[in-house]
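Structure first, then comments.
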Amino acid sequence: MVTAPALFAAENPFVRHFPIKEGLITYIVRGTQSGSKRLYFSDYGEKQLLVENLAADIMHGRESIHRVTLILPDEKYLIDTDTRHAVKTPRLENLLYKKFQKLTKAQQRKILDNLQRNGDRALEGDGGACISHARRILGLSCSQEQVDGVSQCSVARGALVLDSSISLLGYRVETFATRYDKRSVDAAHFTLPTDLNITDHTAEAEKHADAILARLQKPLPACRPAGTDTRPKPLQRMLFEEIENLSRSF
C-alpha cells in the first residue's frame with residue numbers, strides 16, 4: 001500500500017522540507033516557562049520528535065511540564081508523558097492538500113500564486129508582518145514573522161522554528177535554538193509508544209486547515225526584504241551568546 005506522503009510528495013505544494021537532513025537541535029526556554037527542548041529529526045523533517053522539559057510559573061509555585069510531540073509522515077501526536085495521554089491530528093501538509101484538491105481551479109490558482117509570492121511565510125501564520133531572511137541562526141537563514149505579541153523566526157515556511165517569543169497579558173516566554181548537532185538519529189526515536197490513551201482531534205485540525213486555505217486565497221502583503229528588521233536582538237539570546245563567548249576564553 002502506498003502512503004499519502006509518497007502519493008503527494010511530487011505535487012503537494014504544501015510539503016515543507018528542512019534545509020538539513022537529520023540531527024538534533026537544542027533550545028533554551030526562558031520566562032514564564034523555563035527549561036529546554038530537544039528536536040530530533042530525519043529525512044529533512046519528514047519525521048520529528050520534540051522533547052520538552054519545562055517548569056512553569058503558577059499561582060502557588062512552579063509546575064513541571066514533560067511533553068513530547070511526535071510528527072510522522074501521516075500524523076502528529078502531542079503526548080503528555082506524565083498522564084500517557086496523546087492528542088492525534090493528521091499531518092497538516094497532507095490535510096491541506098486533500099482539501100486543496102476539492103477546490104475549484106480558480107481557487108487553486110489563487111493559492112498557488114500566493115504560495116509562490118509569499119514563500120517565506122509560515123503556513124500556520126496569520127498574515128502579520130514578515131521579513132524574509134531576517135537573521136542567521138545556527139548557520140541557517142530564517143524569516144521573521146510577528147502578529148500582535150507573538151513573534152518567530154523560522155525556516156521552510158514555519159516548519160522549523162529557530163527563535164520565538166510570546167508576550168501576552170503578563171505571559172512571556174522566549175525560546176531560541178542554541179546548538180545543532182549533525183548526527184544520525186536512531187529510528188526508535190520516531191516510534192509511537194504503545195501504552196497511550198489517544199484522543200483524535202481531526203475535526204479541530206480540519207477547521208485549522210480550512211482557515212489556512214481561506215487565508216491563502218486572499219492577497220497577502222509581501223514580506224519585507226532582509227535588512228529591514230531594526231529591532232534589537234532579544235535580551236535572553238544576547239545574554240546566552242555573551243556567556244558562550246566568555247566561556248571560550250577560559
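Just remember, in the C-alpha cells the first chain shown is A, the second B, etc., residues are 1-based per chain, and ligands are 1-based in the order shown.
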
Closest atom pairs, stretch 122-198 of chain A residues within 12 Å of stretch 50-64 of chain A, only C-alpha atoms, as a tab-separated table:
```
residue	atom	partner	partner_atom	distance
A:Leu160	CA	A:Leu50	CA	11.3
A:Val161	CA	A:Leu50	CA	11.7
A:Gly170	CA	A:Asp57	CA	11.4
A:Tyr171	CA	A:Asp57	CA	9.6
A:Arg172	CA	A:Asp57	CA	10.6
A:Val173	CA	A:Ala56	CA	10.0
A:Thr175	CA	A:Glu52	CA	11.4
A:His189	CA	A:Leu50	CA	9.9
A:Phe190	CA	A:Leu50	CA	10.2
```

Take the residues just selected and output them with C-alpha atoms as a tab-separated table (two decimals), in the first residue's frame.
```
chain	number	residue	atom	x	y	z
A	160	LEU	CA	11.47	24.71	11.59
A	161	VAL	CA	11.23	27.49	14.20
A	170	GLY	CA	1.68	39.07	31.51
A	171	TYR	CA	2.65	35.74	29.94
A	172	ARG	CA	6.15	35.97	28.48
A	173	VAL	CA	8.23	33.15	27.03
A	175	THR	CA	12.57	30.12	23.05
A	189	HIS	CA	13.01	8.00	18.35
A	190	PHE	CA	10.12	8.05	15.89
```

Write out as number ranges by chain the residues lying within 7 Å of stretch 181-188 of chain A, counting only C-alpha atoms and excluding same-chain residues fewer than 3 positions away. A: 22-25, 40, 42, 191

Could you write those residues out with C-alpha atoms, as a tab-separated table (two decimals), in the first residue's frame?
```
chain	number	residue	atom	x	y	z
A	22	GLU	CA	18.92	14.99	10.13
A	23	GLY	CA	20.27	15.70	13.57
A	24	LEU	CA	19.45	17.27	16.92
A	25	ILE	CA	18.65	20.92	17.65
A	40	TYR	CA	15.36	15.14	16.80
A	42	SER	CA	15.39	12.83	10.00
A	191	THR	CA	8.26	5.02	17.23
```

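With only C-alpha atoms as the basis for measurement, A:Gly35 is the residue among A:Gly35, A:Val87, A:His17, A:Glu46 that approaches A:His66 most closely.
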
Which neighbours of A:Gln107 fall inside 12 Å, counting only C-alpha atoms, when residues of the same chain fewer than 5 positions from it are skipped, and could you give them as a list in words? Lys99, Phe100, Gln101, Lys102, Leu112, Asp113, Asn114, Leu213, Ala214, Arg215, Leu216, Gln217 and Lys218 of chain A

Atom pair atom CA of A:Leu115 / atom CA of A:Phe14: separation (Å):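 Atom CA of A:Leu115 sits 8.6 Å away from atom CA of A:Phe14.
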
For atom CA of A:Leu78 and atom CA of A:Ile131, quote the distance in Å rounded to one decimal. 29.8 Å

Could you find all residues in stretch 60-98 of chain A that DSSP calls strand (DSSP E) from the backbone, and write them as a PDB file with N, CA and C atoms, in the first residue's frame?
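Output below, filename part22.pdb:
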```
ATOM      1  N   GLY A  61       3.397  28.425  42.930  1.00  0.00           N
ATOM      2  CA  GLY A  61       4.737  27.879  42.798  1.00  0.00           C
ATOM      3  C   GLY A  61       5.078  27.544  41.363  1.00  0.00           C
ATOM      4  N   ARG A  62       5.829  26.443  41.201  1.00  0.00           N
ATOM      5  CA  ARG A  62       6.292  26.017  39.881  1.00  0.00           C
ATOM      6  C   ARG A  62       5.714  24.647  39.552  1.00  0.00           C
ATOM      7  N   GLU A  63       5.336  24.474  38.306  1.00  0.00           N
ATOM      8  CA  GLU A  63       4.771  23.213  37.845  1.00  0.00           C
ATOM      9  C   GLU A  63       5.665  22.644  36.742  1.00  0.00           C
ATOM     10  N   SER A  64       5.988  21.355  36.852  1.00  0.00           N
ATOM     11  CA  SER A  64       6.815  20.699  35.844  1.00  0.00           C
ATOM     12  C   SER A  64       5.961  20.258  34.657  1.00  0.00           C
ATOM     13  N   ILE A  65       6.513  20.430  33.462  1.00  0.00           N
ATOM     14  CA  ILE A  65       5.834  20.030  32.238  1.00  0.00           C
ATOM     15  C   ILE A  65       6.763  19.119  31.454  1.00  0.00           C
ATOM     16  N   HIS A  66       6.295  17.917  31.190  1.00  0.00           N
ATOM     17  CA  HIS A  66       7.059  16.965  30.383  1.00  0.00           C
ATOM     18  C   HIS A  66       6.173  16.579  29.197  1.00  0.00           C
ATOM     19  N   ARG A  67       6.586  16.995  28.016  1.00  0.00           N
ATOM     20  CA  ARG A  67       5.719  16.869  26.850  1.00  0.00           C
ATOM     21  C   ARG A  67       6.543  16.442  25.643  1.00  0.00           C
ATOM     22  N   VAL A  68       5.932  15.633  24.794  1.00  0.00           N
ATOM     23  CA  VAL A  68       6.597  15.149  23.583  1.00  0.00           C
ATOM     24  C   VAL A  68       5.675  15.375  22.395  1.00  0.00           C
ATOM     25  N   THR A  69       6.231  15.875  21.303  1.00  0.00           N
ATOM     26  CA  THR A  69       5.487  15.981  20.053  1.00  0.00           C
ATOM     27  C   THR A  69       6.164  15.087  19.027  1.00  0.00           C
ATOM     28  N   LEU A  70       5.409  14.112  18.528  1.00  0.00           N
ATOM     29  CA  LEU A  70       5.926  13.175  17.531  1.00  0.00           C
ATOM     30  C   LEU A  70       5.230  13.457  16.202  1.00  0.00           C
ATOM     31  N   ILE A  71       6.026  13.799  15.186  1.00  0.00           N
ATOM     32  CA  ILE A  71       5.490  14.083  13.859  1.00  0.00           C
ATOM     33  C   ILE A  71       5.984  13.001  12.905  1.00  0.00           C
ATOM     34  N   GLU A  75       0.851  11.578  10.448  1.00  0.00           N
ATOM     35  CA  GLU A  75       0.140  12.032  11.645  1.00  0.00           C
ATOM     36  C   GLU A  75       1.058  12.756  12.607  1.00  0.00           C
ATOM     37  N   LYS A  76       0.422  13.502  13.501  1.00  0.00           N
ATOM     38  CA  LYS A  76       1.126  14.223  14.555  1.00  0.00           C
ATOM     39  C   LYS A  76       0.503  13.850  15.901  1.00  0.00           C
ATOM     40  N   TYR A  77       1.353  13.628  16.907  1.00  0.00           N
ATOM     41  CA  TYR A  77       0.891  13.251  18.236  1.00  0.00           C
ATOM     42  C   TYR A  77       1.495  14.207  19.269  1.00  0.00           C
ATOM     43  N   LEU A  78       0.641  14.826  20.073  1.00  0.00           N
ATOM     44  CA  LEU A  78       1.083  15.635  21.198  1.00  0.00           C
ATOM     45  C   LEU A  78       0.873  14.792  22.452  1.00  0.00           C
ATOM     46  N   ILE A  79       1.972  14.425  23.119  1.00  0.00           N
ATOM     47  CA  ILE A  79       1.934  13.424  24.185  1.00  0.00           C
ATOM     48  C   ILE A  79       2.328  14.042  25.519  1.00  0.00           C
ATOM     49  N   ASP A  80       1.475  13.852  26.540  1.00  0.00           N
ATOM     50  CA  ASP A  80       1.812  14.197  27.916  1.00  0.00           C
ATOM     51  C   ASP A  80       2.442  12.955  28.538  1.00  0.00           C
ATOM     52  N   HIS A  85      -1.319  10.477  28.004  1.00  0.00           N
ATOM     53  CA  HIS A  85      -2.409  10.844  27.102  1.00  0.00           C
ATOM     54  C   HIS A  85      -1.819  11.533  25.869  1.00  0.00           C
ATOM     55  N   ALA A  86      -2.393  11.231  24.700  1.00  0.00           N
ATOM     56  CA  ALA A  86      -1.908  11.824  23.456  1.00  0.00           C
ATOM     57  C   ALA A  86      -3.066  12.370  22.644  1.00  0.00           C
ATOM     58  N   VAL A  87      -2.817  13.493  21.978  1.00  0.00           N
ATOM     59  CA  VAL A  87      -3.769  14.077  21.042  1.00  0.00           C
ATOM     60  C   VAL A  87      -3.237  13.830  19.636  1.00  0.00           C
ATOM     61  N   LYS A  88      -4.056  13.216  18.806  1.00  0.00           N
ATOM     62  CA  LYS A  88      -3.656  12.843  17.455  1.00  0.00           C
ATOM     63  C   LYS A  88      -4.349  13.738  16.429  1.00  0.00           C
ATOM     64  N   THR A  89      -3.575  14.231  15.459  1.00  0.00           N
ATOM     65  CA  THR A  89      -4.126  15.006  14.347  1.00  0.00           C
ATOM     66  C   THR A  89      -3.439  14.565  13.059  1.00  0.00           C
ATOM     67  N   PRO A  90      -4.084  14.757  11.905  1.00  0.00           N
ATOM     68  CA  PRO A  90      -3.413  14.459  10.634  1.00  0.00           C
ATOM     69  C   PRO A  90      -2.260  15.431  10.403  1.00  0.00           C
TER      70      PRO A  90
END
```

Which of stretch 15-231 of chain A fall in alpha helix (DSSP H), as number ranges by chain: A: 92-100, 105-117, 202-216
